[in-house]
Structure formats: structure tokens, C-alpha cells
Amino acid sequence: MKELQVKNNADGKVFGQLVEVPKPTPGPNNILIKVAVTGTNPKDWKYITAEKGFNSGDDIAGTVDAVGDNVASFRPGDRVAAFHVMLTENGSFAEYAIAPATTTFHIPSSLSFEDAATIPLVAYTAAIALYQELRLPAPWSRPSGESIPFVVYAGSTSVGLTALKLARLSGLSPLITIAGGSKDVIEKDNLADVIIDYRNNPNIAEDIKKALNGKELLHAFDAFSEHPSAEPLAANLSPKGKLVGILQYKQELPNGHKLKFAYVGSGHKVYPPLNTEEESKADQDFVQVFSSYLEKVLKEGRFKTHPVEVLVGGLNGIPEGLNKLKEQKVKARKLVARIAETQGL
Ligand SMILES: NC(=O)c1ccc[n+]([C@@H]2O[C@H](COP(=O)([O-])OP(=O)(O)OC[C@H]3O[C@@H](n4cnc5c(N)ncnc54)[C@H](OP(=O)(O)O)[C@@H]3O)[C@@H](O)[C@H]2O)c1
């Protein structure tokens, strides 16, 4: 079979090469998936080098080809989406890819592979951030009856928008978010009660305060995590509040708050010093539970997928897509590639 290996050129641009590799065999807890469509994420260009090409894709949508001995809930032919173990071989830029059964979920027949490929990595990221790190009530727990305000910085990023979707499912309110030119994706599905525009806005902290209307803020999520994004969140957070983000945030924050880095890889492995073995084990159990939940809400039409753009040329279109992500030219959409459209397979 063939996979696309990407690396950085001397000029800093991503380029890729189709390479013949052996078709993988699933380990006991894994699933081999014939990839129909692969998704992309910023990390696909962030973690590659100039030295060695690497198949860095993690978002898989396709059909189960074979399952490991311990896998009972999937069978060959099942339509699935899955999150591959980051930075390991057999990723999604390929004809076949491997994913753990714990981060694989069935998709309904009504959902296209293109739409399904937008879900996995960002959904597990947002879910770990909200439910494992911020300890917000999961949507499957009984509502407490009290309103829980929640602020999401960068609600129009893929991770931020997914966090808003989950927050709605959890019944949090008011939902306050900060976004820019792509805020229509939030408005379209009514995913926030208040949207604050970050562009040319020196008063984001004040705007959040107004939107909170005197309510105590105990939970905030920074889906951008690039200075100064966390500042207005920390400025409004209660002294007992928790602030979680998706990149390491080194700058000092108001009121002595710290931003806790939530890492989606924790659903697969221990990443010291980001998390302890105990935390990672809990996250690994959590992703399995969350996969069942995703399967259910997708089937019931209660979880809508991200706007999608199909890259031209299948796998051969991925380098251009990663370059666009790198240049921050991708606004409020996920770039995906159809494997069957790849010339040279
Ligand atoms: N920790 C983890 O496990 C983890 C997992 C996934 C992703 N990440 C990281 O999370 C970040 C976001 O990834 P993503 O896939 O969600 O990104 P994305 O969807 O590619 O983000 C694109 C969006 O960023 C928004 N944006 C740009 N500048 C902004 C600013 N200054 N303030 C607020 N929003 C801004 C734009 O919205 P507007 O058009 O509205 O401005 C744009 O639509 C990346 O750095 C990625 O590496 C980390």
C-alpha cells in the first residue's frame, strides 16, 4: 500500500512524497481501517522535520478492514471514524491506517466520510479539556439545575467550536465566546449566548465581565493559547476557578492564575511531565466512554460536524493544505482529502 510522507523543505514549506510501505497488521487492541478520507490538523505540520518524511495524519474516516484479537465491538465492513496515536507510524495519510478501538466510533450512514474526518482529534481534545481537566459536568450526567457560566476563547477554531458544541450538550450557561471573522459558524448553530469580537478590541476582559453579569466564573477554556489570549479569561476567573488551554502558555496571568495545558495525546499514552500515569489511565478510560457518546449523538443528529473543504488531488493535495494551515489561511473549516482521488496509488 502507499502512504504520503511529509517533511519540511529548506524554505520552510511542507512537501510530500507517496511511498510504498507494508500494509499494517492491527495489534490486539487496534483496528485496521481502509481510509476513505483523511482529515488534517495544525499538528500535522508542526511536528514534522526536514530530515525524514513522516505520515503525520491522525484523523481517519473509512471502513474497518481487520480488528485485533481483543476488539469485540467492531467488525470488517463497519463505517467508522478514528483518532490515530499521534507521532506513531500508520497514520491517516495512507490507504490503510491503524487506530486503537478506544478512539474509534461508528458513524451513521447519513454522515459522509468527508464530514466524519473532521471530528476525531478535535473532539477528543475538547472533551478531555472540558470533562477531564476542567471537570465540567459531562452531558450524560444528570443536570444539577444550577447555571454554570463558561467562557471559550477562540470559539471559531476547530477545537473551540467543538468545545462550544459539547458545552451546549452539557447545558452550560451562559456560554460566552471570543471570535473574529468566522463567528458566523458559531451563530449558525446558536452555539454561544454572547460572542465578543477580538479584532481591534482592547476591552475583551471588560466585555466578558459585562456578559457574566455578576455571575462567578469557575471555568474557562482557551482554544487559542497564544499570548495574550488567556489574559482576559484569567482577569475574570474566580480565585477558585480553573483555566485550561491547548498550548503551553508561559506568560504570567492576572490574579496569579495558571493555564493548565490539556493534551489530547493523554487519551492514548502518558506524556510526562504533562500528565501522570494515573491521569493518563483515567483519560484512556474516558476516551472510550466518550467514543460511545459521540457515536450516539452523531446517530441522533445532536452533534453537527465542522464546515469542510476537500483538497484537490487526494493525498497529493495534503502538502498544500498543510502549508495553508501553517500560513493561518484556513478559517473555520477542516481540510480533508479523499484517498481514492490520489494519482499514483
Ligand atoms: N493540546 C492539544 O491536544 C491540541 C489539540 C488540537 C489542536 N491543538 C492546537 O490548538 C490550536 C488550534 O487548532 P485548531 O485546529 O482548532 O485551529 P484552526 O481550526 O485551524 O483555527 C483557525 C481559526 O483560528 C481563529 N483565530 C486566528 N487568530 C485568532 C486569534 N488571535 N484569536 C482567536 N481566534 C483566532 C480564526 O477564527 P476567526 O476567523 O474567527 O478569527 C480561524 O478560523 C493549534 O495551535 C493546534 O496546534 C492542540
# chains A, B, ... in the order shown; residues from 1 in each chain; ligands from 1
>>> residues_near_ligand(ligand="ligand 1", cutoff="7 Å", atoms="only C-alpha atoms and all ligand atoms", output="number ranges by chain")
A: 41-43, 121-122, 125, 153-154, 156-160, 178-183, 198, 223-224, 229, 246-247, 261-265, 325, 328, 330-334
>>> select_by_dssp(residues="stretch 38-283 of chain A", states="helix (DSSP H, G or I)", output="PyMOL selection string")
chain A and resi 43-46+101-103+113-116+120-133+158-169+184-188+204-212+231-236+254-256+264-267+277-283
>>> residues_around(residues="A:Pro76", least_positions_apart="2", cutoff="12 Å", atoms="only C-alpha atoms", output="list in words")
Ile31, Leu32, Ile33, Lys34, Gly62, Thr63, Val64, Asp65, Ala66, Val67, Gly68, Val71, Ala72, Ser73, Phe74, Asp78, Arg79, Val80 and His106 of chain A
>>> write_last_selection(atoms="all heavy atoms", output="compact mmCIF listing (two decimals), in the first residue's frame")
# COMPACT_ATOMS: atom_id res chain seq x y z
N ILE A 31 -7.47 -1.38 15.44
CA ILE A 31 -8.32 -1.61 14.27
C ILE A 31 -7.55 -1.16 13.03
O ILE A 31 -6.92 -0.09 13.04
CB ILE A 31 -9.63 -0.80 14.41
CG1 ILE A 31 -10.38 -1.25 15.67
CG2 ILE A 31 -10.51 -0.95 13.17
CD1 ILE A 31 -11.70 -0.59 15.89
N LEU A 32 -7.61 -1.98 11.99
CA LEU A 32 -7.03 -1.57 10.70
C LEU A 32 -8.18 -1.01 9.86
O LEU A 32 -9.20 -1.68 9.67
CB LEU A 32 -6.40 -2.78 10.00
CG LEU A 32 -5.86 -2.50 8.59
CD1 LEU A 32 -4.66 -1.55 8.62
CD2 LEU A 32 -5.48 -3.81 7.89
N ILE A 33 -8.01 0.23 9.41
CA ILE A 33 -9.09 0.91 8.68
C ILE A 33 -8.64 1.21 7.26
O ILE A 33 -7.53 1.71 7.05
CB ILE A 33 -9.49 2.22 9.41
CG1 ILE A 33 -9.96 1.90 10.83
CG2 ILE A 33 -10.57 2.97 8.64
CD1 ILE A 33 -10.04 3.10 11.76
N LYS A 34 -9.50 0.85 6.29
CA LYS A 34 -9.24 1.28 4.91
C LYS A 34 -9.70 2.73 4.85
O LYS A 34 -10.89 3.02 5.03
CB LYS A 34 -10.02 0.40 3.93
CG LYS A 34 -9.77 0.76 2.48
CD LYS A 34 -10.38 -0.31 1.57
CE LYS A 34 -10.38 0.04 0.11
NZ LYS A 34 -9.34 0.88 -0.43
N GLY A 62 -13.32 5.88 7.37
CA GLY A 62 -13.25 4.80 6.40
C GLY A 62 -13.98 3.56 6.88
O GLY A 62 -14.91 3.64 7.70
N THR A 63 -13.52 2.41 6.38
CA THR A 63 -14.20 1.15 6.69
C THR A 63 -13.23 0.20 7.39
O THR A 63 -12.06 0.10 7.00
CB THR A 63 -14.63 0.44 5.37
OG1 THR A 63 -14.61 1.36 4.32
CG2 THR A 63 -15.99 -0.13 5.47
N VAL A 64 -13.76 -0.49 8.39
CA VAL A 64 -12.91 -1.44 9.12
C VAL A 64 -12.48 -2.56 8.17
O VAL A 64 -13.30 -3.15 7.47
CB VAL A 64 -13.67 -2.03 10.34
CG1 VAL A 64 -12.86 -3.15 11.00
CG2 VAL A 64 -14.01 -0.93 11.33
N ASP A 65 -11.16 -2.82 8.16
CA ASP A 65 -10.62 -3.89 7.30
C ASP A 65 -10.34 -5.14 8.13
O ASP A 65 -10.60 -6.25 7.70
CB ASP A 65 -9.32 -3.38 6.65
CG ASP A 65 -8.81 -4.32 5.57
OD1 ASP A 65 -9.44 -4.36 4.50
OD2 ASP A 65 -7.82 -5.03 5.82
N ALA A 66 -9.80 -4.93 9.33
CA ALA A 66 -9.50 -6.07 10.23
C ALA A 66 -9.42 -5.54 11.65
O ALA A 66 -9.15 -4.36 11.86
CB ALA A 66 -8.16 -6.70 9.84
N VAL A 67 -9.68 -6.42 12.62
CA VAL A 67 -9.60 -5.99 14.02
C VAL A 67 -8.66 -6.91 14.80
O VAL A 67 -8.48 -8.08 14.46
CB VAL A 67 -10.99 -5.97 14.71
CG1 VAL A 67 -11.93 -5.00 14.01
CG2 VAL A 67 -11.60 -7.35 14.81
N GLY A 68 -8.05 -6.37 15.87
CA GLY A 68 -7.19 -7.15 16.74
C GLY A 68 -8.00 -8.14 17.58
O GLY A 68 -9.23 -8.01 17.69
N VAL A 71 -10.63 -6.95 20.19
CA VAL A 71 -11.64 -5.95 19.78
C VAL A 71 -12.96 -6.66 19.49
O VAL A 71 -13.05 -7.48 18.57
CB VAL A 71 -11.16 -5.18 18.54
CG1 VAL A 71 -12.23 -4.20 18.06
CG2 VAL A 71 -9.86 -4.44 18.83
N ALA A 72 -13.99 -6.33 20.30
CA ALA A 72 -15.27 -7.04 20.16
C ALA A 72 -16.34 -6.18 19.50
O ALA A 72 -17.30 -6.70 18.93
CB ALA A 72 -15.75 -7.48 21.54
N SER A 73 -16.19 -4.85 19.55
CA SER A 73 -17.32 -4.01 19.13
C SER A 73 -17.23 -3.49 17.69
O SER A 73 -18.04 -2.66 17.30
CB SER A 73 -17.50 -2.86 20.11
OG SER A 73 -16.24 -2.37 20.51
N PHE A 74 -16.24 -3.93 16.93
CA PHE A 74 -16.13 -3.51 15.53
C PHE A 74 -15.89 -4.74 14.66
O PHE A 74 -15.23 -5.69 15.10
CB PHE A 74 -14.97 -2.53 15.35
CG PHE A 74 -15.18 -1.22 16.09
CD1 PHE A 74 -14.71 -1.08 17.40
CD2 PHE A 74 -15.84 -0.17 15.49
CE1 PHE A 74 -14.92 0.11 18.09
CE2 PHE A 74 -16.05 1.02 16.18
CZ PHE A 74 -15.59 1.16 17.48
N ASP A 78 -17.53 -2.24 8.86
CA ASP A 78 -18.18 -1.15 9.62
C ASP A 78 -17.67 0.20 9.14
O ASP A 78 -16.46 0.38 8.91
CB ASP A 78 -17.86 -1.24 11.12
CG ASP A 78 -18.57 -2.41 11.80
OD1 ASP A 78 -19.34 -3.12 11.13
OD2 ASP A 78 -18.33 -2.60 13.02
N ARG A 79 -18.58 1.17 9.04
CA ARG A 79 -18.17 2.56 8.72
C ARG A 79 -17.77 3.24 10.03
O ARG A 79 -18.57 3.27 10.98
CB ARG A 79 -19.32 3.34 8.11
CG ARG A 79 -19.77 2.85 6.77
CD ARG A 79 -20.97 3.66 6.27
NE ARG A 79 -20.57 4.85 5.53
CZ ARG A 79 -20.83 6.08 5.92
NH1 ARG A 79 -21.45 6.33 7.05
NH2 ARG A 79 -20.46 7.12 5.17
N VAL A 80 -16.55 3.77 10.06
CA VAL A 80 -16.04 4.35 11.31
C VAL A 80 -15.26 5.64 11.06
O VAL A 80 -14.85 5.92 9.94
CB VAL A 80 -15.09 3.35 12.05
CG1 VAL A 80 -15.82 2.12 12.52
CG2 VAL A 80 -13.89 2.98 11.15
N HIS A 106 -18.36 4.26 15.50
CA HIS A 106 -19.17 4.05 14.29
C HIS A 106 -19.76 5.37 13.84
O HIS A 106 -20.06 6.23 14.68
CB HIS A 106 -20.31 3.08 14.59
CG HIS A 106 -19.85 1.67 14.80
ND1 HIS A 106 -19.68 1.10 16.04
CD2 HIS A 106 -19.49 0.72 13.89
CE1 HIS A 106 -19.25 -0.14 15.91
NE2 HIS A 106 -19.13 -0.40 14.61
>>> closest_atom_pairs(of="stretch 170-221 of chain A", to="stretch 295-313 of chain A", cutoff="12 Å", atoms="only C-alpha atoms", output="tab-separated table")
residue	atom	partner	partner_atom	distance
A:Ser170	CA	A:Arg302	CA	11.9
A:Ser182	CA	A:Pro307	CA	11.2
A:Asp184	CA	A:Pro307	CA	11.4
A:Val185	CA	A:Pro307	CA	8.3
A:Ile186	CA	A:His306	CA	10.6
A:Lys188	CA	A:Lys304	CA	11.1
A:Asp189	CA	A:Lys304	CA	8.7
A:Asn190	CA	A:Lys304	CA	11.8
A:Leu191	CA	A:Lys304	CA	10.9
>>> atom_distance(atom1="atom CA of A:Leu294", atom2="atom CA of A:Tyr131")
14.0 Å
>>> closest_residue(among="A:Phe150, A:Phe93, A:Tyr249, A:Phe15", to="A:Phe221", atoms="only C-alpha atoms")
A:Phe150
>>> residues_around(residues="A:Tyr124", least_positions_apart="6", cutoff="9 Å", atoms="only C-alpha atoms", output="list in words")
Phe83, Thr103, Val264, Gly267, Val287, Phe290 and Ser291 of chain A
>>> write_last_selection(atoms="all heavy atoms", output="PDB file, in the first residue's frame")
ATOM      1  N   PHE A  83      -9.304   8.233  15.774  1.00  0.00           N
ATOM      2  CA  PHE A  83      -8.148   9.080  16.103  1.00  0.00           C
ATOM      3  C   PHE A  83      -6.930   8.171  16.264  1.00  0.00           C
ATOM      4  O   PHE A  83      -6.870   7.337  17.173  1.00  0.00           O
ATOM      5  CB  PHE A  83      -8.475   9.846  17.400  1.00  0.00           C
ATOM      6  CG  PHE A  83      -7.343  10.632  18.004  1.00  0.00           C
ATOM      7  CD1 PHE A  83      -6.434  11.324  17.215  1.00  0.00           C
ATOM      8  CD2 PHE A  83      -7.195  10.708  19.390  1.00  0.00           C
ATOM      9  CE1 PHE A  83      -5.400  12.061  17.778  1.00  0.00           C
ATOM     10  CE2 PHE A  83      -6.176  11.441  19.969  1.00  0.00           C
ATOM     11  CZ  PHE A  83      -5.272  12.110  19.159  1.00  0.00           C
ATOM     12  N   THR A 103     -10.460   4.819  20.574  1.00  0.00           N
ATOM     13  CA  THR A 103     -10.709   6.114  19.927  1.00  0.00           C
ATOM     14  C   THR A 103     -11.227   5.904  18.500  1.00  0.00           C
ATOM     15  O   THR A 103     -10.855   6.615  17.573  1.00  0.00           O
ATOM     16  CB  THR A 103      -9.455   7.015  19.938  1.00  0.00           C
ATOM     17  OG1 THR A 103      -8.342   6.279  19.425  1.00  0.00           O
ATOM     18  CG2 THR A 103      -9.136   7.513  21.334  1.00  0.00           C
ATOM     19  N   VAL A 264      -4.392  16.165  23.975  1.00  0.00           N
ATOM     20  CA  VAL A 264      -5.254  15.076  23.516  1.00  0.00           C
ATOM     21  C   VAL A 264      -4.525  13.728  23.526  1.00  0.00           C
ATOM     22  O   VAL A 264      -5.147  12.672  23.689  1.00  0.00           O
ATOM     23  CB  VAL A 264      -5.833  15.403  22.112  1.00  0.00           C
ATOM     24  CG1 VAL A 264      -4.743  15.448  21.057  1.00  0.00           C
ATOM     25  CG2 VAL A 264      -6.918  14.431  21.730  1.00  0.00           C
ATOM     26  N   GLY A 267      -5.119  10.706  25.933  1.00  0.00           N
ATOM     27  CA  GLY A 267      -6.113   9.640  25.757  1.00  0.00           C
ATOM     28  C   GLY A 267      -5.501   8.335  25.266  1.00  0.00           C
ATOM     29  O   GLY A 267      -6.143   7.288  25.284  1.00  0.00           O
ATOM     30  N   VAL A 287     -11.734   8.349  27.086  1.00  0.00           N
ATOM     31  CA  VAL A 287     -11.938   8.448  25.630  1.00  0.00           C
ATOM     32  C   VAL A 287     -12.827   7.315  25.119  1.00  0.00           C
ATOM     33  O   VAL A 287     -13.610   7.500  24.187  1.00  0.00           O
ATOM     34  CB  VAL A 287     -10.613   8.521  24.808  1.00  0.00           C
ATOM     35  CG1 VAL A 287      -9.906   9.835  25.037  1.00  0.00           C
ATOM     36  CG2 VAL A 287      -9.693   7.344  25.046  1.00  0.00           C
ATOM     37  N   PHE A 290     -16.291   8.326  25.922  1.00  0.00           N
ATOM     38  CA  PHE A 290     -16.661   9.445  25.060  1.00  0.00           C
ATOM     39  C   PHE A 290     -16.930   8.976  23.619  1.00  0.00           C
ATOM     40  O   PHE A 290     -17.815   9.501  22.943  1.00  0.00           O
ATOM     41  CB  PHE A 290     -15.566  10.525  25.096  1.00  0.00           C
ATOM     42  CG  PHE A 290     -15.923  11.732  24.282  1.00  0.00           C
ATOM     43  CD1 PHE A 290     -16.924  12.595  24.691  1.00  0.00           C
ATOM     44  CD2 PHE A 290     -15.270  11.984  23.082  1.00  0.00           C
ATOM     45  CE1 PHE A 290     -17.277  13.705  23.926  1.00  0.00           C
ATOM     46  CE2 PHE A 290     -15.615  13.089  22.307  1.00  0.00           C
ATOM     47  CZ  PHE A 290     -16.623  13.944  22.731  1.00  0.00           C
ATOM     48  N   SER A 291     -16.185   7.961  23.168  1.00  0.00           N
ATOM     49  CA  SER A 291     -16.408   7.430  21.811  1.00  0.00           C
ATOM     50  C   SER A 291     -17.845   6.906  21.679  1.00  0.00           C
ATOM     51  O   SER A 291     -18.515   7.134  20.665  1.00  0.00           O
ATOM     52  CB  SER A 291     -15.436   6.290  21.503  1.00  0.00           C
ATOM     53  OG  SER A 291     -14.113   6.775  21.495  1.00  0.00           O
TER      54      SER A 291
END
>>> select_by_dssp(residues="stretch 232-284 of chain A", states="strand (DSSP E or B)", output="PyMOL selection string")
chain A and resi 237-245+260-261
>>> write_last_selection(atoms="all heavy atoms", output="mmCIF file, in the first residue's frame")
data_model
loop_
_atom_site.group_PDB
_atom_site.id
_atom_site.type_symbol
_atom_site.label_atom_id
_atom_site.label_comp_id
_atom_site.auth_asym_id
_atom_site.auth_seq_id
_atom_site.Cartn_x
_atom_site.Cartn_y
_atom_site.Cartn_z
ATOM 1 N N LEU A 237 -11.662 35.241 35.988
ATOM 2 C CA LEU A 237 -11.836 33.949 36.659
ATOM 3 C C LEU A 237 -11.844 34.122 38.175
ATOM 4 O O LEU A 237 -11.047 34.882 38.726
ATOM 5 C CB LEU A 237 -10.680 33.037 36.235
ATOM 6 C CG LEU A 237 -10.823 31.540 36.407
ATOM 7 C CD1 LEU A 237 -11.978 30.993 35.578
ATOM 8 C CD2 LEU A 237 -9.516 30.843 35.980
ATOM 9 N N SER A 238 -12.753 33.405 38.832
ATOM 10 C CA SER A 238 -12.799 33.398 40.300
ATOM 11 C C SER A 238 -11.464 32.873 40.838
ATOM 12 O O SER A 238 -10.807 32.052 40.173
ATOM 13 C CB SER A 238 -13.938 32.459 40.712
ATOM 14 O OG SER A 238 -13.722 31.941 41.982
ATOM 15 N N PRO A 239 -11.050 33.285 42.053
ATOM 16 C CA PRO A 239 -9.803 32.744 42.619
ATOM 17 C C PRO A 239 -9.819 31.214 42.683
ATOM 18 O O PRO A 239 -8.784 30.569 42.560
ATOM 19 C CB PRO A 239 -9.762 33.343 44.023
ATOM 20 C CG PRO A 239 -10.629 34.555 43.942
ATOM 21 C CD PRO A 239 -11.680 34.291 42.910
ATOM 22 N N LYS A 240 -11.017 30.581 42.800
ATOM 23 C CA LYS A 240 -11.088 29.102 42.839
ATOM 24 C C LYS A 240 -11.270 28.526 41.439
ATOM 25 O O LYS A 240 -11.435 27.321 41.269
ATOM 26 C CB LYS A 240 -12.289 28.590 43.657
ATOM 27 C CG LYS A 240 -12.749 29.430 44.791
ATOM 28 C CD LYS A 240 -13.958 28.800 45.450
ATOM 29 C CE LYS A 240 -15.221 29.505 45.033
ATOM 30 N NZ LYS A 240 -16.396 29.477 45.675
ATOM 31 N N GLY A 241 -11.289 29.389 40.413
ATOM 32 C CA GLY A 241 -11.608 28.923 39.060
ATOM 33 C C GLY A 241 -10.476 28.183 38.376
ATOM 34 O O GLY A 241 -9.318 28.263 38.789
ATOM 35 N N LYS A 242 -10.839 27.454 37.304
ATOM 36 C CA LYS A 242 -9.836 26.695 36.525
ATOM 37 C C LYS A 242 -9.762 27.233 35.104
ATOM 38 O O LYS A 242 -10.793 27.502 34.477
ATOM 39 C CB LYS A 242 -10.242 25.229 36.423
ATOM 40 C CG LYS A 242 -10.043 24.430 37.678
ATOM 41 C CD LYS A 242 -10.031 22.947 37.309
ATOM 42 C CE LYS A 242 -9.922 22.085 38.529
ATOM 43 N NZ LYS A 242 -11.165 21.421 38.898
ATOM 44 N N LEU A 243 -8.521 27.323 34.612
ATOM 45 C CA LEU A 243 -8.280 27.801 33.240
ATOM 46 C C LEU A 243 -7.459 26.737 32.518
ATOM 47 O O LEU A 243 -6.394 26.332 32.990
ATOM 48 C CB LEU A 243 -7.517 29.126 33.318
ATOM 49 C CG LEU A 243 -6.948 29.697 32.026
ATOM 50 C CD1 LEU A 243 -8.047 29.934 30.998
ATOM 51 C CD2 LEU A 243 -6.232 31.018 32.312
ATOM 52 N N VAL A 244 -7.992 26.299 31.385
ATOM 53 C CA VAL A 244 -7.325 25.232 30.621
ATOM 54 C C VAL A 244 -7.107 25.728 29.187
ATOM 55 O O VAL A 244 -7.924 26.478 28.656
ATOM 56 C CB VAL A 244 -8.199 23.946 30.662
ATOM 57 C CG1 VAL A 244 -7.781 22.943 29.600
ATOM 58 C CG2 VAL A 244 -8.104 23.303 32.046
ATOM 59 N N GLY A 245 -5.993 25.320 28.584
ATOM 60 C CA GLY A 245 -5.702 25.727 27.208
ATOM 61 C C GLY A 245 -5.106 24.579 26.418
ATOM 62 O O GLY A 245 -4.936 23.468 26.946
ATOM 63 N N LYS A 260 -3.634 25.511 32.579
ATOM 64 C CA LYS A 260 -3.275 24.089 32.537
ATOM 65 C C LYS A 260 -3.366 23.619 31.079
ATOM 66 O O LYS A 260 -4.383 23.815 30.436
ATOM 67 C CB LYS A 260 -4.232 23.308 33.441
ATOM 68 C CG LYS A 260 -4.128 21.794 33.344
ATOM 69 C CD LYS A 260 -2.910 21.261 34.079
ATOM 70 C CE LYS A 260 -2.872 19.764 34.282
ATOM 71 N NZ LYS A 260 -2.999 18.867 33.181
ATOM 72 N N PHE A 261 -2.306 23.002 30.605
ATOM 73 C CA PHE A 261 -2.250 22.529 29.222
ATOM 74 C C PHE A 261 -2.972 21.183 29.107
ATOM 75 O O PHE A 261 -2.613 20.217 29.780
ATOM 76 C CB PHE A 261 -0.772 22.403 28.838
ATOM 77 C CG PHE A 261 -0.494 21.813 27.488
ATOM 78 C CD1 PHE A 261 -1.119 22.283 26.346
ATOM 79 C CD2 PHE A 261 0.449 20.806 27.339
ATOM 80 C CE1 PHE A 261 -0.841 21.759 25.093
ATOM 81 C CE2 PHE A 261 0.750 20.271 26.091
ATOM 82 C CZ PHE A 261 0.099 20.749 24.968
#
>>> residues_around(residues="A:Gly317", least_positions_apart="5", cutoff="12 Å", atoms="only C-alpha atoms", output="PyMOL selection string")
chain A and resi 4+6+14-18+38-40+93+309-312+322-324+335-339+341-343
>>> write_last_selection(atoms="N, CA, C and O atoms", output="compact mmCIF listing (two decimals), in the first residue's frame")
# COMPACT_ATOMS: atom_id res chain seq x y z
N LEU A 4 1.42 8.86 2.28
CA LEU A 4 2.09 10.12 1.97
C LEU A 4 2.98 10.48 3.15
O LEU A 4 2.50 10.55 4.30
N VAL A 6 5.30 13.39 4.73
CA VAL A 6 5.51 14.84 4.58
C VAL A 6 6.74 15.27 5.36
O VAL A 6 7.08 14.67 6.39
N VAL A 14 6.01 22.82 3.47
CA VAL A 14 5.79 21.38 3.60
C VAL A 14 5.72 20.77 2.20
O VAL A 14 5.08 21.33 1.32
N PHE A 15 6.37 19.65 2.01
CA PHE A 15 6.16 18.90 0.77
C PHE A 15 6.01 17.43 1.11
O PHE A 15 6.27 16.99 2.24
N GLY A 16 5.52 16.66 0.14
CA GLY A 16 5.21 15.27 0.45
C GLY A 16 5.56 14.34 -0.69
O GLY A 16 5.73 14.77 -1.83
N GLN A 17 5.65 13.07 -0.33
CA GLN A 17 6.03 12.05 -1.31
C GLN A 17 5.22 10.79 -1.03
O GLN A 17 5.12 10.38 0.15
N LEU A 18 4.67 10.20 -2.08
CA LEU A 18 3.97 8.93 -1.89
C LEU A 18 5.01 7.82 -1.81
O LEU A 18 5.90 7.74 -2.66
N THR A 38 -9.02 11.34 4.80
CA THR A 38 -8.23 11.74 5.96
C THR A 38 -8.50 13.20 6.28
O THR A 38 -8.70 14.02 5.38
N GLY A 39 -8.48 13.51 7.57
CA GLY A 39 -8.55 14.90 7.99
C GLY A 39 -7.15 15.46 8.14
O GLY A 39 -6.15 14.75 7.92
N THR A 40 -7.06 16.73 8.50
CA THR A 40 -5.76 17.37 8.78
C THR A 40 -5.90 18.23 10.03
O THR A 40 -7.01 18.62 10.40
N PHE A 93 -2.63 9.49 6.50
CA PHE A 93 -2.30 9.91 5.13
C PHE A 93 -1.90 8.66 4.35
O PHE A 93 -0.76 8.51 3.88
N GLU A 309 -13.56 21.47 3.67
CA GLU A 309 -13.06 21.78 2.31
C GLU A 309 -12.26 20.57 1.86
O GLU A 309 -11.33 20.13 2.54
N VAL A 310 -12.64 20.04 0.68
CA VAL A 310 -11.94 18.85 0.16
C VAL A 310 -10.74 19.32 -0.66
O VAL A 310 -10.89 20.11 -1.60
N LEU A 311 -9.56 18.84 -0.29
CA LEU A 311 -8.34 19.22 -1.00
C LEU A 311 -8.31 18.56 -2.37
O LEU A 311 -8.73 17.40 -2.52
N VAL A 312 -7.81 19.26 -3.37
CA VAL A 312 -7.75 18.70 -4.73
C VAL A 312 -6.56 17.74 -4.82
O VAL A 312 -5.47 18.05 -4.34
N LEU A 322 -1.48 21.67 4.26
CA LEU A 322 -0.69 21.92 5.48
C LEU A 322 0.01 23.27 5.41
O LEU A 322 0.14 23.97 6.41
N ASN A 323 0.43 23.65 4.20
CA ASN A 323 1.05 24.99 4.06
C ASN A 323 0.03 26.08 4.35
O ASN A 323 0.35 27.09 4.98
N LYS A 324 -1.22 25.88 3.91
CA LYS A 324 -2.26 26.87 4.19
C LYS A 324 -2.51 26.97 5.70
O LYS A 324 -2.70 28.05 6.24
N LEU A 335 -9.73 20.88 6.52
CA LEU A 335 -9.27 20.42 5.21
C LEU A 335 -9.17 18.90 5.23
O LEU A 335 -8.55 18.33 6.14
N VAL A 336 -9.80 18.26 4.25
CA VAL A 336 -9.77 16.79 4.20
C VAL A 336 -9.35 16.34 2.80
O VAL A 336 -9.45 17.12 1.85
N ALA A 337 -8.91 15.10 2.68
CA ALA A 337 -8.51 14.57 1.36
C ALA A 337 -9.10 13.19 1.15
O ALA A 337 -9.10 12.35 2.07
N ARG A 338 -9.64 12.99 -0.09
CA ARG A 338 -10.20 11.68 -0.44
C ARG A 338 -9.08 10.82 -1.00
O ARG A 338 -8.47 11.18 -2.02
N ILE A 339 -8.85 9.67 -0.37
CA ILE A 339 -7.71 8.82 -0.78
C ILE A 339 -7.88 8.35 -2.23
O ILE A 339 -6.91 8.32 -2.99
N GLU A 341 -8.88 9.78 -4.74
CA GLU A 341 -8.56 10.80 -5.76
C GLU A 341 -7.06 10.99 -5.94
O GLU A 341 -6.62 11.88 -6.66
N THR A 342 -6.25 10.16 -5.25
CA THR A 342 -4.79 10.30 -5.31
C THR A 342 -4.23 9.68 -6.58
O THR A 342 -4.41 8.47 -6.80
N GLN A 343 -3.55 10.46 -7.40
CA GLN A 343 -2.88 9.88 -8.57
C GLN A 343 -1.61 9.21 -8.12
O GLN A 343 -0.87 9.77 -7.30
>>> residues_around(residues="A:Asp285", least_positions_apart="4", cutoff="10 Å", atoms="only C-alpha atoms", output="list in words")
Thr102, Gly267, His268, Ser280, Lys281, Val289 and Phe290 of chain A
>>> residues_around(residues="stretch 207-217 of chain A", least_positions_apart="3", cutoff="8 Å", atoms="only C-alpha atoms", output="MDAnalysis selection string")
chainID A and resid 149:150 174 176 194 196 203:204 220 232:233 236:238 241
>>> atom_distance(atom1="atom CA of A:Ala61", atom2="atom CA of A:Val35")
5.8 Å
>>> atom_distance(atom1="atom CA of A:Lys329", atom2="atom CA of A:Glu231")
24.9 Å
>>> closest_residue(among="A:Pro137, A:Pro228, A:Gly344, A:Pro100", to="A:Ile60", atoms="only C-alpha atoms")
A:Pro100
>>> closest_residue(among="A:Thr276, A:Asn200, A:Asn90, A:Ser109", to="A:Thr25", atoms="only C-alpha atoms")
A:Asn90
